[in-house]
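Enquirer: Sharing target_16.txt (compact mmCIF, C-alpha atoms) below.
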# COMPACT_ATOMS: atom_id res chain seq x y z
CA MET A 122 6.10 17.99 -28.05
CA SER A 123 9.75 17.49 -29.10
CA LYS A 124 11.21 14.07 -29.75
CA LYS A 125 13.41 14.35 -26.63
CA LYS A 126 10.46 15.32 -24.42
CA THR A 127 8.40 12.48 -25.88
CA MET A 128 11.20 10.02 -25.06
CA ILE A 129 11.40 11.37 -21.47
CA VAL A 130 7.65 11.06 -20.89
CA SER A 131 7.63 7.63 -22.53
CA ASN A 132 10.45 6.39 -20.30
CA ILE A 133 8.81 7.61 -17.08
CA PHE A 134 5.51 6.14 -18.24
CA LEU A 135 7.15 2.75 -18.91
CA ILE A 136 8.80 2.77 -15.47
CA GLY A 137 5.40 3.63 -13.99
CA LEU A 138 3.74 0.89 -16.03
CA VAL A 139 6.13 -1.68 -14.57
CA SER A 140 5.14 -0.50 -11.09
CA PHE A 141 1.47 -0.53 -12.13
CA PHE A 142 1.49 -4.22 -12.99
CA MET A 143 3.77 -5.29 -10.14
CA ASP A 144 1.75 -3.39 -7.57
CA MET A 145 -1.43 -4.90 -9.01
CA SER A 146 0.18 -8.31 -8.53
CA THR A 147 1.30 -7.51 -4.97
CA GLU A 148 -1.89 -5.83 -3.78
CA MET A 149 -4.06 -8.69 -5.08
CA ILE A 150 -2.76 -10.61 -2.09
CA TYR A 151 -1.15 -8.13 0.35
CA PRO A 152 -4.38 -7.23 2.20
CA ILE A 153 -5.28 -10.92 2.30
CA ILE A 154 -2.03 -12.06 3.94
CA PRO A 155 -2.61 -10.66 7.49
CA LEU A 156 -6.09 -12.22 7.43
CA TYR A 157 -4.65 -15.49 6.11
CA LEU A 158 -2.00 -15.45 8.85
CA THR A 159 -4.44 -14.80 11.69
CA ALA A 160 -7.53 -16.70 10.50
CA VAL A 161 -5.94 -19.74 8.83
CA LEU A 162 -2.42 -20.12 10.25
CA GLY A 163 -3.27 -18.93 13.78
CA ALA A 164 -0.69 -16.14 13.95
CA THR A 165 -1.09 -13.27 16.44
CA PRO A 166 -0.75 -9.54 15.59
CA ALA A 167 2.70 -9.68 17.20
CA ILE A 168 3.77 -12.39 14.74
CA VAL A 169 2.36 -10.34 11.85
CA GLY A 170 4.55 -7.49 13.08
CA VAL A 171 7.63 -9.72 13.25
CA ILE A 172 7.04 -11.02 9.71
CA GLU A 173 6.63 -7.53 8.26
CA GLY A 174 9.53 -6.12 10.27
CA VAL A 175 12.01 -8.87 9.40
CA ALA A 176 11.05 -8.79 5.73
CA GLU A 177 11.46 -5.01 5.54
CA SER A 178 14.80 -5.11 7.34
CA VAL A 179 16.18 -7.39 4.61
CA ALA A 180 15.02 -4.91 1.98
CA SER A 181 16.61 -2.06 3.93
CA LEU A 182 20.05 -3.65 3.94
CA LEU A 183 19.91 -4.06 0.16
CA LYS A 184 18.63 -0.62 -0.84
CA VAL A 185 21.86 1.28 -0.24
CA ALA A 186 24.01 -1.44 -1.84
CA SER A 187 21.73 -1.64 -4.86
CA GLY A 188 21.61 2.14 -5.28
CA TYR A 189 25.40 2.35 -5.05
CA ILE A 190 25.96 -0.49 -7.52
CA GLY A 191 23.51 1.12 -9.94
CA ASP A 192 25.38 4.45 -9.67
CA ARG A 193 28.81 2.92 -10.03
CA TYR A 194 28.21 0.39 -12.80
CA GLN A 195 25.31 2.13 -14.57
CA ASN A 196 23.21 -1.06 -14.49
CA LYS A 197 20.04 0.35 -12.94
CA LYS A 198 17.72 -1.36 -15.44
CA ARG A 199 19.37 -4.74 -14.87
CA LEU A 200 19.00 -4.39 -11.10
CA ALA A 201 15.35 -3.41 -11.52
CA PHE A 202 14.77 -6.52 -13.66
CA LEU A 203 16.35 -8.74 -10.98
CA GLY A 204 14.34 -7.11 -8.20
CA TYR A 205 10.99 -7.35 -9.95
CA SER A 206 11.68 -10.98 -10.90
CA ALA A 207 12.20 -11.83 -7.22
CA SER A 208 8.73 -10.48 -6.47
CA VAL A 209 7.26 -12.91 -9.00
CA LEU A 210 9.12 -15.77 -7.32
CA TYR A 211 7.62 -14.67 -4.00
CA LYS A 212 4.12 -15.61 -5.15
CA PHE A 213 5.20 -19.16 -5.97
CA VAL A 214 6.83 -19.57 -2.54
CA LEU A 215 3.66 -18.24 -0.92
CA LEU A 216 1.70 -20.97 -2.72
CA ILE A 217 3.60 -23.74 -0.94
CA ALA A 218 3.85 -22.03 2.48
CA GLY A 219 2.02 -24.07 5.12
CA SER A 220 2.93 -22.08 8.24
CA TRP A 221 3.67 -18.51 9.27
CA GLY A 222 7.37 -19.37 8.92
CA GLY A 223 6.76 -20.19 5.26
CA VAL A 224 4.96 -16.89 4.79
CA LEU A 225 7.92 -15.15 6.43
CA ALA A 226 10.30 -16.80 3.92
CA ALA A 227 8.06 -15.69 1.04
CA ARG A 228 7.87 -12.12 2.33
CA VAL A 229 11.66 -12.01 2.73
CA ILE A 230 12.04 -12.97 -0.96
CA ASP A 231 9.54 -10.29 -1.95
CA ARG A 232 11.21 -7.58 0.13
CA THR A 233 14.63 -8.70 -1.14
CA GLY A 234 13.35 -7.94 -4.62
CA LYS A 235 12.05 -4.57 -3.46
CA GLY A 236 15.37 -3.79 -1.82
CA ILE A 237 17.22 -4.53 -5.06
CA ARG A 238 14.93 -2.56 -7.38
CA THR A 239 13.71 0.50 -5.46
CA ALA A 240 16.74 2.82 -5.49
CA PRO A 241 17.76 2.04 -9.11
CA ARG A 242 14.14 2.51 -10.24
CA ASP A 243 13.84 5.88 -8.46
CA ALA A 244 17.20 6.92 -9.93
CA LEU A 245 15.88 6.02 -13.41
CA VAL A 246 12.85 8.27 -12.81
CA ALA A 247 15.12 11.13 -11.68
CA GLN A 248 17.44 10.55 -14.65
CA SER A 249 14.50 10.62 -17.07
CA SER A 250 12.82 13.76 -15.69
CA GLU A 251 12.87 17.25 -17.18
CA LYS A 252 14.48 19.98 -15.10
CA GLY A 253 12.02 21.63 -12.73
CA LYS A 254 9.45 18.85 -13.12
CA LEU A 255 10.89 16.19 -10.82
CA GLY A 256 7.94 16.28 -8.40
CA GLY A 257 5.53 15.79 -11.29
CA SER A 258 7.64 12.92 -12.66
CA PHE A 259 7.62 11.10 -9.33
CA GLY A 260 3.94 11.97 -9.05
CA LEU A 261 3.22 10.32 -12.41
CA HIS A 262 5.14 7.23 -11.33
CA LYS A 263 3.30 7.14 -8.00
CA MET A 264 -0.07 7.62 -9.71
CA LEU A 265 0.52 4.56 -11.91
CA ASP A 266 1.93 2.67 -8.92
CA MET A 267 -1.16 3.39 -6.81
CA ALA A 268 -3.53 2.79 -9.74
CA GLY A 269 -2.07 -0.71 -9.99
CA SER A 270 -2.46 -1.07 -6.24
CA SER A 271 -6.09 0.01 -6.55
CA LEU A 272 -6.83 -2.56 -9.22
CA GLY A 273 -5.03 -5.21 -7.17
CA ALA A 274 -7.06 -4.28 -4.08
CA LEU A 275 -10.24 -4.55 -6.18
CA PHE A 276 -9.24 -8.07 -7.18
CA ALA A 277 -8.53 -8.87 -3.51
CA PHE A 278 -12.05 -7.72 -2.65
CA LEU A 279 -13.53 -9.84 -5.44
CA PHE A 280 -11.52 -12.88 -4.32
CA ILE A 281 -12.95 -12.56 -0.80
CA ALA A 282 -16.47 -11.54 -1.88
CA PHE A 283 -16.83 -14.56 -4.17
CA GLY A 284 -15.29 -16.96 -1.67
CA MET A 285 -12.11 -17.77 -3.57
CA LYS A 286 -9.62 -19.83 -1.57
CA TYR A 287 -6.37 -18.18 -0.59
CA ARG A 288 -4.02 -20.28 -2.74
CA PRO A 289 -5.87 -19.72 -6.05
CA ALA A 290 -5.75 -16.00 -5.28
CA PHE A 291 -1.98 -16.27 -4.80
CA LEU A 292 -1.70 -18.04 -8.17
CA TRP A 293 -3.73 -15.42 -10.05
CA SER A 294 -1.41 -12.71 -8.72
CA VAL A 295 1.49 -14.16 -10.73
CA ILE A 296 0.07 -13.00 -14.10
CA PRO A 297 0.44 -9.19 -13.75
CA GLY A 298 3.85 -9.74 -12.12
CA VAL A 299 5.10 -11.50 -15.23
CA VAL A 300 3.72 -8.67 -17.41
CA ALA A 301 5.65 -6.13 -15.29
CA VAL A 302 8.94 -7.97 -15.78
CA ALA A 303 8.31 -8.25 -19.54
CA ILE A 304 8.05 -4.43 -19.89
CA ILE A 305 11.45 -3.65 -18.30
CA PRO A 306 13.58 -4.29 -21.46
CA LEU A 307 11.72 -1.40 -23.17
CA ILE A 308 13.01 1.15 -20.61
CA ARG A 309 15.98 3.31 -21.66
CA GLU A 310 18.91 3.93 -19.32
CA GLU A 311 21.55 6.60 -19.88
CA LYS A 312 24.98 4.96 -19.93
CA GLY A 313 27.19 8.04 -19.88
CA ALA A 314 30.62 8.08 -18.24
CA VAL A 315 30.57 4.47 -17.04
CA GLN A 316 34.32 4.36 -16.46
CA LYS A 317 34.19 7.58 -14.42
CA GLN A 318 31.31 6.23 -12.38
CA ARG A 319 33.23 3.05 -11.59
CA ARG A 320 35.75 5.16 -9.68
CA LEU A 321 33.04 6.22 -7.23
CA VAL A 322 33.72 5.22 -3.65
CA PHE A 323 31.10 5.29 -0.91
CA ARG A 324 33.36 7.15 1.53
CA GLY A 325 33.43 10.04 -0.95
CA LEU A 326 29.73 10.71 -0.45
CA LYS A 327 29.02 14.06 1.22
CA LEU A 328 25.48 15.11 2.12
CA ASP A 329 23.99 18.51 2.86
CA ALA A 330 23.64 19.02 6.63
CA ARG A 331 19.92 19.66 6.41
CA LEU A 332 19.44 16.48 4.38
CA LYS A 333 21.17 14.54 7.19
CA TRP A 334 18.79 16.07 9.74
CA TYR A 335 15.88 15.32 7.43
CA PHE A 336 16.93 11.67 7.31
CA ALA A 337 17.12 11.60 11.11
CA VAL A 338 13.52 12.83 11.34
CA ILE A 339 12.40 10.30 8.71
CA PHE A 340 13.80 7.51 10.86
CA LEU A 341 12.05 8.91 13.94
CA PHE A 342 8.77 9.12 12.02
CA CYS A 343 9.15 5.57 10.70
CA LEU A 344 9.36 4.21 14.26
CA GLY A 345 5.64 4.98 14.51
CA ASN A 346 4.76 4.17 10.90
CA SER A 347 4.01 0.47 11.21
CA SER A 348 2.94 -1.85 8.40
CA ASN A 349 -0.38 -1.17 6.66
CA ALA A 350 -1.35 -4.66 7.82
CA PHE A 351 -2.17 -3.11 11.22
CA LEU A 352 -4.63 -0.69 9.60
CA LEU A 353 -6.46 -3.66 8.09
CA LEU A 354 -6.47 -5.57 11.38
CA LYS A 355 -7.71 -2.43 13.14
CA ALA A 356 -10.62 -2.08 10.70
CA GLN A 357 -11.50 -5.72 11.28
CA SER A 358 -11.45 -5.17 15.05
CA ARG A 359 -13.90 -2.26 14.57
CA GLY A 360 -16.47 -4.62 13.06
CA PHE A 361 -15.71 -4.54 9.33
CA SER A 362 -16.13 -7.85 7.53
CA THR A 363 -13.23 -9.32 5.56
CA SER A 364 -14.68 -8.12 2.23
CA GLU A 365 -15.34 -4.65 3.69
CA VAL A 366 -11.71 -4.47 4.83
CA MET A 367 -10.68 -5.15 1.21
CA LEU A 368 -12.92 -2.26 0.07
CA LEU A 369 -11.35 0.11 2.59
CA TYR A 370 -7.91 -0.79 1.28
CA LEU A 371 -9.15 -0.17 -2.26
CA ILE A 372 -10.46 3.27 -1.25
CA PHE A 373 -7.06 4.17 0.25
CA ASN A 374 -5.27 3.21 -2.97
CA VAL A 375 -7.72 5.09 -5.21
CA SER A 376 -7.38 8.22 -3.07
CA ALA A 377 -3.57 8.10 -3.28
CA SER A 378 -3.62 7.44 -7.03
CA ILE A 379 -5.94 10.34 -7.87
CA LEU A 380 -3.90 12.88 -5.89
CA ALA A 381 -0.34 11.70 -6.65
CA ILE A 382 0.25 13.78 -9.80
CA PRO A 383 -1.38 17.01 -8.50
CA ALA A 384 0.59 16.75 -5.24
CA GLY A 385 3.88 16.20 -7.08
CA ARG A 386 3.23 19.14 -9.43
CA LEU A 387 2.23 21.41 -6.55
CA SER A 388 5.56 20.62 -4.87
CA ASP A 389 7.34 21.64 -8.11
CA ARG A 390 5.45 24.93 -8.17
CA PHE A 391 5.24 25.97 -4.52
CA GLY A 392 8.11 24.09 -2.85
CA ARG A 393 8.50 20.72 -1.19
CA SER A 394 7.87 21.87 2.40
CA ARG A 395 4.40 23.18 1.53
CA ILE A 396 3.41 19.64 0.60
CA LEU A 397 5.55 17.56 2.97
CA VAL A 398 4.66 19.30 6.24
CA PRO A 399 0.87 19.06 5.70
CA GLY A 400 1.36 15.47 4.55
CA TYR A 401 3.01 14.43 7.79
CA LEU A 402 0.44 16.34 9.83
CA ILE A 403 -2.34 14.47 8.01
CA TYR A 404 -0.62 11.19 8.86
CA GLY A 405 -0.45 12.09 12.56
CA LEU A 406 -4.12 13.08 12.66
CA VAL A 407 -5.16 9.93 10.77
CA TYR A 408 -3.36 7.66 13.23
CA LEU A 409 -4.84 9.51 16.19
CA GLY A 410 -8.21 9.08 14.48
CA PHE A 411 -7.72 5.32 14.35
CA ALA A 412 -7.17 5.39 18.11
CA LEU A 413 -10.08 7.69 18.94
CA LEU A 414 -12.86 7.04 16.41
CA THR A 415 -14.98 3.89 16.29
CA SER A 416 -17.78 4.40 13.75
CA LYS A 417 -17.56 2.80 10.33
CA VAL A 418 -18.09 6.14 8.57
CA SER A 419 -15.17 7.71 10.43
CA LEU A 420 -12.86 4.82 9.53
CA LEU A 421 -13.89 5.16 5.88
CA ILE A 422 -12.88 8.83 5.99
CA LEU A 423 -9.60 7.93 7.69
CA PHE A 424 -8.67 5.51 4.90
CA VAL A 425 -9.34 8.26 2.33
CA ALA A 426 -7.18 10.66 4.35
CA TYR A 427 -4.42 8.04 4.58
CA GLY A 428 -4.39 8.02 0.78
CA VAL A 429 -4.04 11.82 0.82
CA TYR A 430 -0.99 11.51 3.11
CA THR A 431 0.55 8.91 0.79
CA ALA A 432 0.06 11.11 -2.30
CA PHE A 433 1.50 14.19 -0.57
CA ILE A 434 4.63 12.44 0.66
CA SER A 435 5.63 10.05 -2.10
CA GLY A 436 6.46 12.33 -5.03
CA ALA A 437 7.57 15.44 -3.12
CA GLU A 438 9.88 13.58 -0.74
CA ARG A 439 11.68 11.57 -3.43
CA ALA A 440 12.05 14.72 -5.52
CA LEU A 441 13.52 16.63 -2.56
CA ILE A 442 16.03 13.86 -1.84
CA ALA A 443 17.02 13.42 -5.50
CA GLU A 444 17.60 17.18 -5.88
CA ALA A 445 19.63 17.40 -2.68
CA SER A 446 21.85 14.45 -3.66
CA PRO A 447 25.18 14.71 -5.47
CA ALA A 448 24.51 14.04 -9.18
CA GLU A 449 26.68 10.92 -9.30
CA TYR A 450 25.19 9.45 -6.10
CA LYS A 451 21.44 9.85 -6.60
CA GLY A 452 20.75 6.10 -6.51
CA THR A 453 22.93 5.68 -3.43
CA VAL A 454 21.22 8.49 -1.49
CA LEU A 455 17.76 7.28 -2.50
CA GLY A 456 18.92 3.88 -1.22
CA ILE A 457 19.89 5.42 2.13
CA TYR A 458 16.41 6.93 2.30
CA GLY A 459 14.84 3.53 1.61
CA MET A 460 17.12 1.86 4.16
CA LEU A 461 16.04 4.25 6.92
CA GLN A 462 12.39 3.65 6.06
CA GLY A 463 12.89 -0.10 6.12
CA PHE A 464 14.71 -0.21 9.44
CA GLY A 465 12.08 2.10 10.88
CA LEU A 466 9.39 -0.30 9.66
CA LEU A 467 11.26 -3.23 11.22
CA PHE A 468 11.18 -1.61 14.65
CA SER A 469 7.76 0.02 14.25
CA SER A 470 6.04 -3.21 13.23
CA MET A 471 7.52 -5.05 16.20
CA ILE A 472 6.65 -2.13 18.52
CA ALA A 473 3.09 -1.99 17.13
CA GLY A 474 2.58 -5.74 17.49
CA GLY A 475 3.86 -5.68 21.08
CA MET A 476 1.74 -2.65 22.00
CA TRP A 477 -1.33 -4.27 20.47
CA ASN A 478 -0.82 -7.43 22.53
CA VAL A 479 -0.03 -5.63 25.82
CA TRP A 480 -2.11 -2.42 25.79
CA GLY A 481 -4.72 -3.09 23.12
CA SER A 482 -5.32 -2.15 19.51
CA ASP A 483 -5.41 1.63 20.11
CA ALA A 484 -1.88 1.91 21.53
CA PRO A 485 0.10 1.64 18.24
CA PHE A 486 -2.02 4.40 16.72
CA TRP A 487 -1.54 6.79 19.65
CA PHE A 488 2.21 6.21 19.34
CA GLY A 489 2.29 6.65 15.55
CA GLY A 490 0.02 9.70 15.63
CA VAL A 491 2.17 11.59 18.13
CA LEU A 492 5.37 10.77 16.21
CA GLY A 493 3.72 11.90 12.97
CA ILE A 494 2.84 15.33 14.36
CA VAL A 495 6.26 15.77 16.00
CA SER A 496 7.93 14.80 12.71
CA ALA A 497 5.87 17.35 10.77
CA LEU A 498 6.98 20.13 13.13
CA LEU A 499 10.64 19.09 12.96
CA ILE A 500 10.56 18.91 9.15
CA ALA A 501 9.06 22.41 9.00
CA VAL A 502 11.99 23.70 11.07
CA ILE A 503 14.66 21.80 9.09
CA LEU A 504 13.45 22.85 5.65
CA ARG A 505 13.25 26.52 6.64
CA SER A 506 16.53 26.72 8.56
CA GLY A 507 19.94 27.80 7.38
CA LYS A 508 21.09 30.57 5.05
CA GLY A 509 22.45 28.30 2.36
CA ARG A 510 19.64 26.89 0.24
CA LYS A 511 21.55 25.65 -2.76
CA ALA A 512 21.40 21.91 -2.03
CA MET A 513 17.77 21.92 -0.99
CA SER A 514 16.51 24.95 -2.89
CA ARG A 515 13.17 23.40 -3.82
CA SER A 516 12.44 22.24 -0.30
CA VAL A 517 11.33 25.67 0.87
Show me this structure written as structure tokens.
Expert:
Amino acid sequence: MSKKKTMIVSNIFLIGLVSFFMDMSTEMIYPIIPLYLTAVLGATPAIVGVIEGVAESVASLLKVASGYIGDRYQNKKRLAFLGYSASVLYKFVLLIAGSWGGVLAARVIDRTGKGIRTAPRDALVAQSSEKGKLGGSFGLHKMLDMAGSSLGALFAFLFIAFGMKYRPAFLWSVIPGVVAVAIIPLIREEKGAVQKQRRLVFRGLKLDARLKWYFAVIFLFCLGNSSNAFLLLKAQSRGFSTSEVMLLYLIFNVSASILAIPAGRLSDRFGRSRILVPGYLIYGLVYLGFALLTSKVSLLILFVAYGVYTAFISGAERALIAEASPAEYKGTVLGIYGMLQGFGLLFSSMIAGGMWNVWGSDAPFWFGGVLGIVSALLIAVILRSGKGRKAMSRSV
């Protein structure tokens, strides 16, 4: 392997390693929080939805701004450092939260950090990737990301299984977060043409028509793609114990981690649509399964399948968007993508919480399942339409 290729792989691996440790830190407590809110602080599923929705909306507002700033001033690594540091601070705020309002404040800080770091981080992955291997690069990043999530979910299970109190669990989660932040200075960022980049103006951004339609469908899909917290609450309502819920979440993360690299590489080889369309169909069927199926074995299978959906979508979709973006605006466009996801999650979490309270726990999953299948069909049409395929050549 040449020195240049070694540097590229090393850089993507380091970016993935940061995500590995931060996701370990986050997932050590993420599956615990909805249980903590409902069992200890007396919050309802509707309040859980409000907390997740408000927190994600804050992140959404920041993703475009952060992506644009990273493109214009070539300070992607610095923004990533700031964003990941905020997620460490989140754990300390969670430690002193004594009400669901305090948890909301902590989650806002965490999502603020995510909003600052996500687009610059994804742009760094795209910048560091070899030509023709972007899906595999995002797949490698997602594999490390989900491997960290898996280890964090395992710790969450152990915390619950051995009867650890919630606050000590929150404190332990700080350690891998600090490790993640400490790795960031080792990442390389290309600093070419800074002065030229500083002349970028947002109104100069022009997107391919099909990419605009794709974004519209993503927003539609996200209206039914509520927070994963509802999957955990659903499993609990089906009779799973708290520790068993943690194991289900672990299984989801392991499934996504194992398949992330193969799915990304397959999208490089066969085209993005051949991975994305089945991915969204799987999501729709999984959500309908949560509404229809009641046995513990079926829910176990559904959590595995949800990991398959996550692996199929994550690498291929980011690669498609990065390739279809103007070279100088990759961080900005990835930020727009993140913003649409976040606003969708804001509305979907509130919709899901309200549906749960009014029509029962099956209603949000009927809604999300139908939107998932409709979105898959629309994406199939969008990625195969039009004569000009230059901007989205790898999508078909």
Enquirer: Just want the 8 Å neighbourhood of Gly428 in chain A, counted on all atoms listed in the file, with same-chain residues fewer than 2 positions away dropped. Output as a ChimeraX atom specification.
Expert: /A:372-378,424-426,430-432
Enquirer: Counting only C-alpha atoms, which residues in range 342-399 of chain A sit no more than 7 Å from range 273-297 of chain A? For each one, give the nearest pair of atoms and the distance in Å, sorted by chain then residue number, as a Markdown table.
Expert:
| residue | atom | partner | partner_atom | distance |
| --- | --- | --- | --- | --- |
| A:Ser364 | CA | A:Phe278 | CA | 5.6 |
| A:Met367 | CA | A:Phe278 | CA | 4.8 |
| A:Leu368 | CA | A:Phe278 | CA | 6.2 |
| A:Tyr370 | CA | A:Ala274 | CA | 6.5 |
| A:Leu371 | CA | A:Ala274 | CA | 5.0 |
Enquirer: Using all atoms listed in the file, I'd like a table of the residues in range 423-481 of chain A that come within 7 Å of range 394-399 of chain A; for each, show the closest atom pair and its distance in Å rounded to one decimal, ordered by chain and ascending number, as CSV.
Expert:
residue,atom,partner,partner_atom,distance
A:Phe433,CA,A:Ile396,CA,5.9
A:Ile434,CA,A:Leu397,CA,5.7
A:Ala437,CA,A:Leu397,CA,6.8
A:Glu438,CA,A:Leu397,CA,7.0
Enquirer: Range 495-499 of chain A: which residues within 7 Å, counting all atoms listed in the file, same-chain residues fewer than 4 positions away excluded, as a ChimeraX atom specification?
Expert: /A:338,342,398,401-402,491,503
Enquirer: Could you write those residues out with C-alpha atoms, as a PDB file, in the coordinates of the input?
Expert:
ATOM      1  CA  VAL A 338      13.520  12.830  11.340  1.00  0.00           C
ATOM      2  CA  PHE A 342       8.770   9.120  12.020  1.00  0.00           C
ATOM      3  CA  VAL A 398       4.660  19.300   6.240  1.00  0.00           C
ATOM      4  CA  TYR A 401       3.010  14.430   7.790  1.00  0.00           C
ATOM      5  CA  LEU A 402       0.440  16.340   9.830  1.00  0.00           C
ATOM      6  CA  VAL A 491       2.170  11.590  18.130  1.00  0.00           C
ATOM      7  CA  ILE A 503      14.660  21.800   9.090  1.00  0.00           C
TER       8      ILE A 503
END
Enquirer: Mind giving me the straight-line distance from CA of Ala440 in chain A to CA of Ile422 in chain A in Å, one decimal?
Expert: 28.1 Å
